[in-house]
Amino acid sequence: MNQAAGKKAVSGEQLRASLEKGGILLVFALLFLLFSVLSAKFCTTANIFNIFKQVSHIAILAIGMTFVFLYGGMDLSAGANIFLGAVCVAAMLEEGLPVWAAVAVAVGLCTAMGLLNGIIIEKLGINCVIVTLGSQLLIRGLALHIIAEYRQWIYVKNPAVLYLNTGTVLGMPVLLLLTAALYAVAYLVLSRSAFGRRVYAVGGNERAAHLCGLNTSRIKMLCYMISGLCAGVAGIVIASRLGMVNTTVGIGMEFDAVTAVVLGGCAVKGGEGNVLKTFVGALIVGMIANFMTLSGVNEHFQDAVLGGFILLAAVFNRFTLGKND
Amino acid sequence: MVPVLEMQGISKRFPGVQALSGVDLKLYGGEITSLIGQNGAGKSTLMKILGGNYQKDEGKIRIHGKEVEIAGTADAARLGIGIVYQELSLLNNLTVAENIFLGRELVNGIRLNNREMNEQARRYLEEFGIDNIEVNKNVEIYSLAKQQLIEIVKVLSHRPEILVLDEPTAALTNEDTKRLFRILFRLKEQGICIVFISHRLGEIKRYCDSGTILMNGRVTASVRMEDVDELKIIEYMLGGSYQAYEKQAAAVRHSETPVLELRDIRLKDRLYGAGCKIYKGEIAGFTGLLGAGQDLLWRVAYGALPADSGEILVNGKPQTIKNPGQAVRCGIGLLTENRKEEGLFADLSVLDNIALPTLGRFRYSAVFPFLNYRKIRQSCRAYSDRLAVKMSSIHTKVQFLSGGNQQKAIVSRWLLRDLEVLIFIEPTRGVDVGAKADIYKILEDLAAEGKAIVVVSTDTTEILQLSDRIFVMCGGRVSDIIEGKSDEETLARLIQGSPAKCTPAGSTPVVSTPAEGSPAESTPAGEEVTT
Amino acid sequence: MKTHSKWMDGLVYRLDVITVLALAALLAVFFSCVNPRFLSVHNFYNMLQLNAALIIVSVGMTFVVMSGNMDLSSGSVIVLSASVMGVVYRATGNIGLAMAACLAVAVLIGVLNGFLISHLKINAVIITLSCMVWARGLALGITDAKSIVVSSPVLQAIYSPFAFGFFNLSLVIVVLCLLGGWFLMTKTRFGRYVKALGENEHATQLAGIDTRRVKWALFALAGFLVGIASLIDLARLGSAVVTIGNGMELNAIVAVVIGGNRLSGGKGSFGKTVAGLLFMCILTNGLSTLGVTDDKTYLIKGGIILGALVIQMLSNRFRLYYLRHANE
């Protein structure tokens, strides 16, 4: 009898492990099938490219969020930061700066905001949730201040920035390629660079990482900077996609990114997760939003469903990661 | 006479270790029974089974001859079993009285009756002859020794019939220990049966009535204290007559510059000017009673704890070591006894665990700073093979390895980093016997290769077996250095210490220090005081 | 250090409260310089009225923070329960039913969150974060993002004065919530277990306390208070507007933490929460009397909150340092 129980435990363990590995892909496939069956418009090349484009800024934002989650933190200022990035790039172009300079200013400013978060959180040891909630106000205020100079509305007319949205290379949308490239770099950094491995180490066991001689606070601050950087890039992407920037940009996007990351199986306590799965998580977010729009669901209910998905993902992770104790 | 508690044929297996096999234990009312054995002999496991923290695999537990099942801590409490664990369960943000009554507060309707609880708590303290503790003050303001007494009072206030004390005297001064035993004697007269776990044989011999001696999870003897002497107990603990250990200490060349020198390290209430010189190619053993400061000294040397003052010289040059990163760059590595909390990255692979501090060396180039995993794999394999780490693959998560292999993986980590000084705090705690021998062999090989090895352990056999020189610590300083031949008895005597050497005003053999007033309330144990 | 006085010790011991009160005073001086009417009895009264909901939510948040958790969902739950109340009122016209529905929704969400956090042991931040998103979505969904007017004498009674020309029911409710919270925290088993839970969950369990039940109960309590806050705010506004409760979670958490309650749990008091509330009320009220644009409000508020957190943290470091070395 004991043996039988042992066997059961083993298969339970195996099930858990395989769910942890492939669960998200399974969910993705099931949802994809379901949506394809339910809506004829869903599974078309045009719509799939459309989903990729719609979700690109969330996917890019989620890269930064993955870094922050992996070390065991949280960045709720990402939504405000993406707004700042979009406003900045649009405003700088409006002022006649060349594209490269506008992009550099936007990304630089967002990265600086990430650094600010990192410094307050790490050097002063204040909880990341409360700091980023507070800095979110500051960042949104800054962006609102800039956009107020342009009567709350800036059109993006620069062809190079717009090309990001409309262009294709070998039949693939440029946005998709950009997102894929960023994910490839993030994956390389996390799995094949000293910094990336150290992020996992700090998230897994901060005390041990410190005793290994790692500079844990520098690693964490870098994570926040990366989150800021990704927000800047995502801001440019969204400015290009919308063709304009107004004051509603970025609201609630931090939640979309968190959903993607949690769906991708990142442990909230840090140390576990895979940036490629975050991409799948982001795609799921995009798919759900797309499907609901196709079937005419009220946009507010879409938010409710999204929130429900964070919850489901968290519950799912609880039973697959088994790391919450 | 029916024993109050009888444990019969208790067995417990943990993954990779048979912690207990067929242990019998009988306790009678009005007796203090001591449970004796070296670290890892199974004392704590046995008591955790009694307390309902662990479930036994086999065996029976009878109380007053009636068989009982202890499925959880609540069952144990209901059966009148009270356990004072080594780590205190007091809540720092509550007052003494609030702690004592936690979970069974007295109420008037829904309102807490604080006055009555304070009054009763005061009476408990009086009953056990404890003064200087105010029941309405937060426990965090009291020293560890006093917190220990509060914890004991908390357990006693449940009026247990069986009281277990797990190393209660480790943090206590002689004075406090005497006070504790006055209380225990009073309880004994009331017919309570007491289990006392300690490493201090002197105390055991002096105060206990009987003893059960464990070795590697088996009972080697159950004795009446009046029938045996300390030597006999040691013999049972070690499972045979003990021998003198003699190591060739020739490797130590005092004329050389020491590879690491600590001078006059001070830490408030813990270390009073401890210092030592460590040479290439030696194994220096540091031992002492729990709380004598041997582990703190090395944590300070590694930068894991900030010292109040003191100097650290590496190869004769003074260095500032404020954090472990600097220590590693100076060529010092530390392995602590809390593998899980302070050493391992449970969710990362063995490879990552080994390579982590050394990753920077495996970059392709400055332009392409990604890691050459083929090279990392080769290097990690080289070390893990050398230390014979048993694992299915180098990509296995390290949490799936046994304790001994985890320890070897961490050793590989520092070998790969190629450090000069390796500090091992309790290197074989929680490691099975086979792996223990392997680790000893590794340490000896490393020393032979010219590394300086520091072993900090409370296990005297381990220290005697391994060390070229033994540094005995007492009261926050190095009190004796043994070179060459020694045996358990000599070492045991030195560890127990003499007042002249252990008071802060005395002198150390390494560095003489100016006299300093003895602190009013010292907290000698390893916990950090946080407010 | 030996010559320090008892007086000085006491001062440093209360440094966290003193710091936040000093910051609040500084803000008050600043706002009254800009707008002389800021420092008037009338404005103070006004401030209390406007922030009644915040004060009530903060009472619940004090329990949550004391237990070492965090509740990010308060603001969204306020808008959801207000919306439900509006919808029920519109459908039935029965104010009693609507009020009951409002409270029930808030308590149910508290119970749900509490269950997920305590029994499934999922991180409170992620649970309440998801709740923040879905509750707001649901609220906007059921109202279609439009305000629903709820005019009823019962609600109007909450804000109509019945004594001294200004004393009304909302103030009574606020005071009752504060006193009730204080009583629960300091004088009952529940409060003590919450405190114990925040310090060390394992040790609390060892003392035979069912920590899961405590956690569950405290989220339900917080939910109930959020429900009351929602009622009060709805009564003040006269309709279930979609912006009701916006940013409430941030304001409440900041009020609790800036007052000196430890965010990781275990340490704090209602006095600290009240001090923090004073700071937050002056800040939000002062900003609105300033009459500046949205962007400046965000900037100033964010900056001041971050600055105050930093100052509080530094003063706390000094305080700990001082207390640790005080007996040398």
# chains A, B, ... in the order shown; residues from 1 in each chain; ligands from 1

$ residues_around --residues "stretch 143-146 of chain C" --least-positions-apart "5" --cutoff "12 Å" --atoms "only C-alpha atoms" --output "PyMOL selection string"
(chain A and resi 297-301) or (chain C and resi 79-88+90+136-138+239-244)

$ interface_residues --of "chain B" --to "chain A" --cutoff "8 Å" --atoms "only C-alpha atoms" --output "ChimeraX atom specification"
/B:304,323-328,334,341-348,352,356-357,359-360,363,369-373

$ interface_residues --of "chain C" --to "chain A" --cutoff "10 Å" --atoms "only C-alpha atoms" --output "ChimeraX atom specification"
/C:70,72,116,120-123,125-145,247,249-251,253-254,257,263-264,293-307,309-311,313-314,317

$ closest_residue --among "A:Gly232, A:Gly243, A:Leu222, A:Leu70" --to "A:Ala102" --atoms "only C-alpha atoms"
A:Gly232

$ select_by_dssp --residues "stretch 298-391 of chain B" --states "strand (DSSP E or B)" --output "list in words"
Ser309, Gly310, Glu311, Ile312, Leu313, Val314, Lys317, Pro318, Gln319, Ile332, Gly333, Leu334, Leu335, Ser349, Arg363 and Leu371 of chain B

$ write_last_selection --atoms "N, CA and C atoms" --output "PDB file, in the first residue's frame"
ATOM      1  N   SER B 309      35.549  46.508  15.289  1.00  0.00           N
ATOM      2  CA  SER B 309      36.922  46.903  15.009  1.00  0.00           C
ATOM      3  C   SER B 309      37.724  45.651  14.729  1.00  0.00           C
ATOM      4  N   GLY B 310      38.941  45.847  14.276  1.00  0.00           N
ATOM      5  CA  GLY B 310      39.788  44.695  13.991  1.00  0.00           C
ATOM      6  C   GLY B 310      40.448  44.857  12.639  1.00  0.00           C
ATOM      7  N   GLU B 311      41.470  44.029  12.432  1.00  0.00           N
ATOM      8  CA  GLU B 311      42.215  44.123  11.182  1.00  0.00           C
ATOM      9  C   GLU B 311      42.246  42.766  10.506  1.00  0.00           C
ATOM     10  N   ILE B 312      42.187  42.780   9.209  1.00  0.00           N
ATOM     11  CA  ILE B 312      42.318  41.541   8.454  1.00  0.00           C
ATOM     12  C   ILE B 312      43.481  41.707   7.489  1.00  0.00           C
ATOM     13  N   LEU B 313      44.443  40.802   7.569  1.00  0.00           N
ATOM     14  CA  LEU B 313      45.586  40.868   6.663  1.00  0.00           C
ATOM     15  C   LEU B 313      45.583  39.640   5.770  1.00  0.00           C
ATOM     16  N   VAL B 314      45.687  39.867   4.476  1.00  0.00           N
ATOM     17  CA  VAL B 314      45.771  38.763   3.539  1.00  0.00           C
ATOM     18  C   VAL B 314      47.169  38.784   2.953  1.00  0.00           C
ATOM     19  N   LYS B 317      49.169  41.762   3.836  1.00  0.00           N
ATOM     20  CA  LYS B 317      48.720  43.112   3.501  1.00  0.00           C
ATOM     21  C   LYS B 317      47.350  43.367   4.113  1.00  0.00           C
ATOM     22  N   PRO B 318      47.196  44.498   4.784  1.00  0.00           N
ATOM     23  CA  PRO B 318      45.875  44.789   5.358  1.00  0.00           C
ATOM     24  C   PRO B 318      44.817  44.986   4.270  1.00  0.00           C
ATOM     25  N   GLN B 319      43.641  44.431   4.485  1.00  0.00           N
ATOM     26  CA  GLN B 319      42.569  44.540   3.500  1.00  0.00           C
ATOM     27  C   GLN B 319      41.297  44.985   4.207  1.00  0.00           C
ATOM     28  N   ILE B 332      39.174  34.499  -0.322  1.00  0.00           N
ATOM     29  CA  ILE B 332      38.601  33.792   0.816  1.00  0.00           C
ATOM     30  C   ILE B 332      37.212  33.287   0.442  1.00  0.00           C
ATOM     31  N   GLY B 333      36.931  32.050   0.769  1.00  0.00           N
ATOM     32  CA  GLY B 333      35.603  31.506   0.500  1.00  0.00           C
ATOM     33  C   GLY B 333      35.010  30.933   1.780  1.00  0.00           C
ATOM     34  N   LEU B 334      33.683  30.975   1.891  1.00  0.00           N
ATOM     35  CA  LEU B 334      33.033  30.498   3.122  1.00  0.00           C
ATOM     36  C   LEU B 334      31.910  29.533   2.780  1.00  0.00           C
ATOM     37  N   LEU B 335      31.843  28.445   3.508  1.00  0.00           N
ATOM     38  CA  LEU B 335      30.709  27.523   3.394  1.00  0.00           C
ATOM     39  C   LEU B 335      30.046  27.452   4.752  1.00  0.00           C
ATOM     40  N   SER B 349      20.479  24.670 -11.577  1.00  0.00           N
ATOM     41  CA  SER B 349      21.157  23.404 -11.827  1.00  0.00           C
ATOM     42  C   SER B 349      22.453  23.329 -11.031  1.00  0.00           C
ATOM     43  N   ARG B 363      33.366  34.390 -20.277  1.00  0.00           N
ATOM     44  CA  ARG B 363      32.829  35.172 -21.393  1.00  0.00           C
ATOM     45  C   ARG B 363      33.670  34.896 -22.634  1.00  0.00           C
ATOM     46  N   LEU B 371      28.290  33.717 -22.435  1.00  0.00           N
ATOM     47  CA  LEU B 371      29.111  32.712 -21.767  1.00  0.00           C
ATOM     48  C   LEU B 371      29.342  31.496 -22.651  1.00  0.00           C
TER      49      LEU B 371
END

$ interface_residues --of "chain B" --to "chain C" --cutoff "7 Å" --atoms "only C-alpha atoms" --output "MDAnalysis selection string"
chainID B and resid 74 89 91 93 102:103 105 110:112 531

$ write_last_selection --atoms "N, CA and C atoms" --output "tab-separated table (two decimals), in the first residue's frame"
chain	number	residue	atom	x	y	z
B	74	ALA	N	-0.36	19.83	18.01
B	74	ALA	CA	-1.51	19.98	18.90
B	74	ALA	C	-1.70	18.71	19.75
B	89	SER	N	10.67	30.40	19.99
B	89	SER	CA	9.47	30.69	19.23
B	89	SER	C	8.77	31.94	19.76
B	91	LEU	N	7.68	35.83	20.02
B	91	LEU	CA	7.41	36.88	19.05
B	91	LEU	C	7.93	38.19	19.62
B	93	ASN	N	7.53	41.23	18.87
B	93	ASN	CA	6.70	42.43	18.98
B	93	ASN	C	5.65	42.32	20.07
B	102	LEU	N	0.02	33.41	24.46
B	102	LEU	CA	-0.36	33.41	23.04
B	102	LEU	C	-1.14	32.14	22.69
B	103	GLY	N	-2.28	32.32	22.08
B	103	GLY	CA	-3.08	31.19	21.65
B	103	GLY	C	-4.09	30.73	22.68
B	105	GLU	N	-5.40	33.18	25.28
B	105	GLU	CA	-5.56	34.40	26.06
B	105	GLU	C	-6.79	34.31	26.96
B	110	ILE	N	-15.38	39.59	24.88
B	110	ILE	CA	-14.41	39.55	23.79
B	110	ILE	C	-13.18	40.38	24.13
B	111	ARG	N	-13.23	41.03	25.27
B	111	ARG	CA	-12.14	41.92	25.64
B	111	ARG	C	-11.03	41.11	26.32
B	112	LEU	N	-9.82	41.33	25.90
B	112	LEU	CA	-8.70	40.64	26.52
B	112	LEU	C	-8.54	41.10	27.95
B	531	THR	N	16.03	45.04	16.13
B	531	THR	CA	14.95	45.71	16.84
B	531	THR	C	13.87	46.09	15.88

$ residues_around --residues "stretch 258-261 of chain B" --least-positions-apart "2" --cutoff "9 Å" --atoms "only C-alpha atoms" --output "ChimeraX atom specification"
/B:253-256,263,275-280,311-316,318,332,420-421,452

$ closest_residue --among "C:Gly93, C:Gly68, C:Gly181, C:Gly75" --to "C:Gly245" --atoms "only C-alpha atoms"
C:Gly75

$ closest_residue --among "C:Leu39, C:Asn246, C:Phe162, C:Gly238" --to "C:Ala25" --atoms "only C-alpha atoms"
C:Leu39

$ select_by_dssp --residues "stretch 17-183 of chain C" --states "helix (DSSP H, G or I)" --output "PDB file with C-alpha atoms, in the first residue's frame"
ATOM      1  CA  VAL C  17       5.260  59.528  14.310  1.00  0.00           C
ATOM      2  CA  ILE C  18       7.088  62.777  14.931  1.00  0.00           C
ATOM      3  CA  THR C  19       8.602  62.678  11.449  1.00  0.00           C
ATOM      4  CA  VAL C  20       5.290  62.224   9.709  1.00  0.00           C
ATOM      5  CA  LEU C  21       3.618  64.861  11.848  1.00  0.00           C
ATOM      6  CA  ALA C  22       6.437  67.276  11.059  1.00  0.00           C
ATOM      7  CA  LEU C  23       6.052  66.519   7.365  1.00  0.00           C
ATOM      8  CA  ALA C  24       2.307  67.062   7.653  1.00  0.00           C
ATOM      9  CA  ALA C  25       2.879  70.371   9.440  1.00  0.00           C
ATOM     10  CA  LEU C  26       5.330  71.417   6.750  1.00  0.00           C
ATOM     11  CA  LEU C  27       2.768  70.654   4.066  1.00  0.00           C
ATOM     12  CA  ALA C  28       0.078  72.499   5.988  1.00  0.00           C
ATOM     13  CA  VAL C  29       2.305  75.569   6.293  1.00  0.00           C
ATOM     14  CA  PHE C  30       3.100  75.424   2.603  1.00  0.00           C
ATOM     15  CA  PHE C  31      -0.521  75.087   1.524  1.00  0.00           C
ATOM     16  CA  SER C  32      -1.678  77.832   3.863  1.00  0.00           C
ATOM     17  CA  CYS C  33       0.966  80.142   2.428  1.00  0.00           C
ATOM     18  CA  VAL C  34      -0.418  79.523  -1.022  1.00  0.00           C
ATOM     19  CA  PRO C  36      -4.670  81.328   3.467  1.00  0.00           C
ATOM     20  CA  ARG C  37      -8.036  79.677   3.805  1.00  0.00           C
ATOM     21  CA  PHE C  38      -6.347  76.297   4.011  1.00  0.00           C
ATOM     22  CA  VAL C  41     -11.775  75.043  10.807  1.00  0.00           C
ATOM     23  CA  HIS C  42     -14.093  74.903   7.873  1.00  0.00           C
ATOM     24  CA  ASN C  43     -11.445  73.483   5.606  1.00  0.00           C
ATOM     25  CA  PHE C  44     -10.356  70.961   8.206  1.00  0.00           C
ATOM     26  CA  TYR C  45     -13.931  69.804   8.501  1.00  0.00           C
ATOM     27  CA  ASN C  46     -14.166  69.694   4.739  1.00  0.00           C
ATOM     28  CA  MET C  47     -11.023  67.610   4.631  1.00  0.00           C
ATOM     29  CA  LEU C  48     -12.510  65.085   7.029  1.00  0.00           C
ATOM     30  CA  GLN C  49     -15.658  64.859   4.925  1.00  0.00           C
ATOM     31  CA  LEU C  50     -13.812  64.373   1.666  1.00  0.00           C
ATOM     32  CA  ALA C  52     -14.024  59.787   5.167  1.00  0.00           C
ATOM     33  CA  ALA C  53     -13.719  56.835   2.796  1.00  0.00           C
ATOM     34  CA  LEU C  54      -9.926  56.964   2.893  1.00  0.00           C
ATOM     35  CA  ILE C  55      -9.926  56.918   6.683  1.00  0.00           C
ATOM     36  CA  ILE C  56     -12.227  53.910   6.811  1.00  0.00           C
ATOM     37  CA  VAL C  57     -10.243  51.991   4.194  1.00  0.00           C
ATOM     38  CA  SER C  58      -7.052  52.773   6.090  1.00  0.00           C
ATOM     39  CA  VAL C  59      -8.473  51.154   9.209  1.00  0.00           C
ATOM     40  CA  GLY C  60      -8.838  47.897   7.282  1.00  0.00           C
ATOM     41  CA  MET C  61      -5.481  48.410   5.611  1.00  0.00           C
ATOM     42  CA  THR C  62      -3.836  48.754   9.022  1.00  0.00           C
ATOM     43  CA  PHE C  63      -4.946  45.221   9.818  1.00  0.00           C
ATOM     44  CA  VAL C  64      -3.771  43.927   6.460  1.00  0.00           C
ATOM     45  CA  VAL C  65      -0.383  45.624   6.727  1.00  0.00           C
ATOM     46  CA  MET C  66      -0.003  44.571  10.367  1.00  0.00           C
ATOM     47  CA  SER C  74      -9.482  48.507  -2.215  1.00  0.00           C
ATOM     48  CA  GLY C  75     -10.029  51.195  -4.840  1.00  0.00           C
ATOM     49  CA  SER C  76     -11.469  48.792  -7.399  1.00  0.00           C
ATOM     50  CA  VAL C  77     -13.675  47.071  -4.858  1.00  0.00           C
ATOM     51  CA  ILE C  78     -15.081  50.464  -3.875  1.00  0.00           C
ATOM     52  CA  VAL C  79     -16.064  51.220  -7.439  1.00  0.00           C
ATOM     53  CA  LEU C  80     -17.455  47.718  -7.955  1.00  0.00           C
ATOM     54  CA  SER C  81     -19.587  47.710  -4.838  1.00  0.00           C
ATOM     55  CA  ALA C  82     -20.775  51.245  -5.543  1.00  0.00           C
ATOM     56  CA  SER C  83     -21.683  50.177  -9.069  1.00  0.00           C
ATOM     57  CA  VAL C  84     -23.525  47.121  -7.819  1.00  0.00           C
ATOM     58  CA  MET C  85     -25.377  49.343  -5.408  1.00  0.00           C
ATOM     59  CA  GLY C  86     -26.271  51.710  -8.232  1.00  0.00           C
ATOM     60  CA  VAL C  87     -27.422  48.905 -10.483  1.00  0.00           C
ATOM     61  CA  VAL C  88     -29.502  47.267  -7.750  1.00  0.00           C
ATOM     62  CA  TYR C  89     -31.029  50.600  -6.816  1.00  0.00           C
ATOM     63  CA  ARG C  90     -31.861  51.378 -10.406  1.00  0.00           C
ATOM     64  CA  ALA C  91     -33.466  47.974 -10.845  1.00  0.00           C
ATOM     65  CA  THR C  92     -35.394  47.727  -7.588  1.00  0.00           C
ATOM     66  CA  ILE C  95     -32.237  51.481  -0.931  1.00  0.00           C
ATOM     67  CA  GLY C  96     -31.947  48.906   1.843  1.00  0.00           C
ATOM     68  CA  LEU C  97     -31.401  46.126  -0.652  1.00  0.00           C
ATOM     69  CA  ALA C  98     -28.916  48.261  -2.568  1.00  0.00           C
ATOM     70  CA  MET C  99     -26.910  49.007   0.556  1.00  0.00           C
ATOM     71  CA  ALA C 100     -26.922  45.361   1.559  1.00  0.00           C
ATOM     72  CA  ALA C 101     -25.735  44.400  -1.922  1.00  0.00           C
ATOM     73  CA  CYS C 102     -22.961  46.966  -1.723  1.00  0.00           C
ATOM     74  CA  LEU C 103     -21.669  45.603   1.582  1.00  0.00           C
ATOM     75  CA  ALA C 104     -22.154  42.001   0.518  1.00  0.00           C
ATOM     76  CA  VAL C 105     -20.070  42.446  -2.628  1.00  0.00           C
ATOM     77  CA  ALA C 106     -17.224  44.016  -0.703  1.00  0.00           C
ATOM     78  CA  VAL C 107     -17.267  41.356   2.009  1.00  0.00           C
ATOM     79  CA  LEU C 108     -17.516  38.537  -0.534  1.00  0.00           C
ATOM     80  CA  ILE C 109     -14.510  39.818  -2.443  1.00  0.00           C
ATOM     81  CA  GLY C 110     -12.624  40.122   0.836  1.00  0.00           C
ATOM     82  CA  VAL C 111     -13.540  36.546   1.664  1.00  0.00           C
ATOM     83  CA  LEU C 112     -12.500  35.351  -1.784  1.00  0.00           C
ATOM     84  CA  ASN C 113      -9.157  37.144  -1.639  1.00  0.00           C
ATOM     85  CA  GLY C 114      -8.645  35.947   1.910  1.00  0.00           C
ATOM     86  CA  PHE C 115      -9.347  32.378   0.887  1.00  0.00           C
ATOM     87  CA  LEU C 116      -6.892  32.485  -2.012  1.00  0.00           C
ATOM     88  CA  ILE C 117      -4.225  34.077   0.134  1.00  0.00           C
ATOM     89  CA  SER C 118      -4.639  32.014   3.280  1.00  0.00           C
ATOM     90  CA  ALA C 124      -1.251  38.637  -1.519  1.00  0.00           C
ATOM     91  CA  VAL C 125       0.176  41.184  -3.942  1.00  0.00           C
ATOM     92  CA  ILE C 126      -0.644  39.134  -7.008  1.00  0.00           C
ATOM     93  CA  ILE C 127      -4.117  38.168  -5.774  1.00  0.00           C
ATOM     94  CA  THR C 128      -5.157  41.688  -4.882  1.00  0.00           C
ATOM     95  CA  LEU C 129      -3.531  43.020  -8.047  1.00  0.00           C
ATOM     96  CA  SER C 130      -5.656  40.741 -10.165  1.00  0.00           C
ATOM     97  CA  CYS C 131      -8.672  41.723  -8.104  1.00  0.00           C
ATOM     98  CA  MET C 132      -7.837  45.362  -8.767  1.00  0.00           C
ATOM     99  CA  VAL C 133      -8.055  44.698 -12.487  1.00  0.00           C
ATOM    100  CA  TRP C 134     -11.088  42.425 -12.639  1.00  0.00           C
ATOM    101  CA  ALA C 135     -13.179  44.332 -10.117  1.00  0.00           C
ATOM    102  CA  ARG C 136     -12.715  47.610 -11.943  1.00  0.00           C
ATOM    103  CA  GLY C 137     -13.414  45.964 -15.283  1.00  0.00           C
ATOM    104  CA  LEU C 138     -16.551  44.408 -13.927  1.00  0.00           C
ATOM    105  CA  ALA C 139     -17.695  47.695 -12.395  1.00  0.00           C
ATOM    106  CA  LEU C 140     -17.233  49.586 -15.625  1.00  0.00           C
ATOM    107  CA  GLY C 141     -18.823  46.714 -17.492  1.00  0.00           C
ATOM    108  CA  ILE C 142     -22.038  46.552 -15.500  1.00  0.00           C
ATOM    109  CA  THR C 143     -22.486  50.312 -15.516  1.00  0.00           C
ATOM    110  CA  PRO C 153     -33.103  60.170   1.968  1.00  0.00           C
ATOM    111  CA  VAL C 154     -31.210  57.398   3.724  1.00  0.00           C
ATOM    112  CA  LEU C 155     -28.012  58.308   1.931  1.00  0.00           C
ATOM    113  CA  GLN C 156     -28.619  62.021   2.234  1.00  0.00           C
ATOM    114  CA  ALA C 157     -28.999  61.553   5.980  1.00  0.00           C
ATOM    115  CA  ILE C 158     -25.363  60.451   6.134  1.00  0.00           C
ATOM    116  CA  TYR C 159     -24.173  63.896   5.193  1.00  0.00           C
ATOM    117  CA  LEU C 169     -23.492  60.679  10.459  1.00  0.00           C
ATOM    118  CA  SER C 170     -20.444  60.240   8.253  1.00  0.00           C
ATOM    119  CA  LEU C 171     -18.259  61.636  11.025  1.00  0.00           C
ATOM    120  CA  VAL C 172     -19.878  59.283  13.504  1.00  0.00           C
ATOM    121  CA  ILE C 173     -19.177  56.355  11.214  1.00  0.00           C
ATOM    122  CA  VAL C 174     -15.569  57.411  10.725  1.00  0.00           C
ATOM    123  CA  VAL C 175     -15.019  57.782  14.439  1.00  0.00           C
ATOM    124  CA  LEU C 176     -16.756  54.458  15.114  1.00  0.00           C
ATOM    125  CA  CYS C 177     -14.592  52.692  12.555  1.00  0.00           C
ATOM    126  CA  LEU C 178     -11.422  54.167  14.013  1.00  0.00           C
ATOM    127  CA  LEU C 179     -12.399  53.313  17.575  1.00  0.00           C
ATOM    128  CA  GLY C 180     -13.676  49.880  16.587  1.00  0.00           C
ATOM    129  CA  GLY C 181     -10.481  49.146  14.687  1.00  0.00           C
ATOM    130  CA  TRP C 182      -8.375  50.315  17.585  1.00  0.00           C
ATOM    131  CA  PHE C 183     -10.383  48.195  20.013  1.00  0.00           C
TER     132      PHE C 183
END

$ residues_around --residues "B:Ile61" --least-positions-apart "4" --cutoff "10 Å" --atoms "only C-alpha atoms" --output "PyMOL selection string"
chain B and resi 5-10+24-26+49-50+56+65-70

$ atom_distance --atom1 "atom CA of B:Ser44" --atom2 "atom CA of B:Ala71"
17.2 Å

$ residues_around --residues "C:Asn51" --least-positions-apart "6" --cutoff "9 Å" --atoms "only C-alpha atoms" --output "list in words"
Asp233, Cys281, Thr284 and Asn285 of chain C

$ atom_distance --atom1 "atom CA of B:Arg186" --atom2 "atom CA of B:Glu31"
11.1 Å

$ residues_around --residues "B:Ala447" --least-positions-apart "2" --cutoff "8 Å" --atoms "only C-alpha atoms" --output "MDAnalysis selection string"
chainID B and resid 280:283 443:445 449:453

$ atom_distance --atom1 "atom CA of A:Leu176" --atom2 "atom CA of A:Ile51"
9.8 Å

$ decode --residues "stretch 176-180 of chain A" --atoms "N, CA and C atoms" --output "short mmCIF file (atom, residue, chain, number, x, y, z; two decimals), in the first residue's frame"
data_model
loop_
_atom_site.label_atom_id
_atom_site.label_comp_id
_atom_site.auth_asym_id
_atom_site.auth_seq_id
_atom_site.Cartn_x
_atom_site.Cartn_y
_atom_site.Cartn_z
N LEU A 176 6.80 42.50 -35.58
CA LEU A 176 6.98 41.12 -35.14
C LEU A 176 8.46 40.79 -35.07
N LEU A 177 9.19 41.22 -36.08
CA LEU A 177 10.62 40.94 -36.12
C LEU A 177 11.33 41.63 -34.96
N LEU A 178 10.94 42.88 -34.72
CA LEU A 178 11.57 43.62 -33.62
C LEU A 178 11.32 42.92 -32.28
N THR A 179 10.05 42.55 -32.07
CA THR A 179 9.71 41.87 -30.82
C THR A 179 10.50 40.57 -30.69
N ALA A 180 10.52 39.82 -31.78
CA ALA A 180 11.24 38.54 -31.75
C ALA A 180 12.72 38.78 -31.45
#
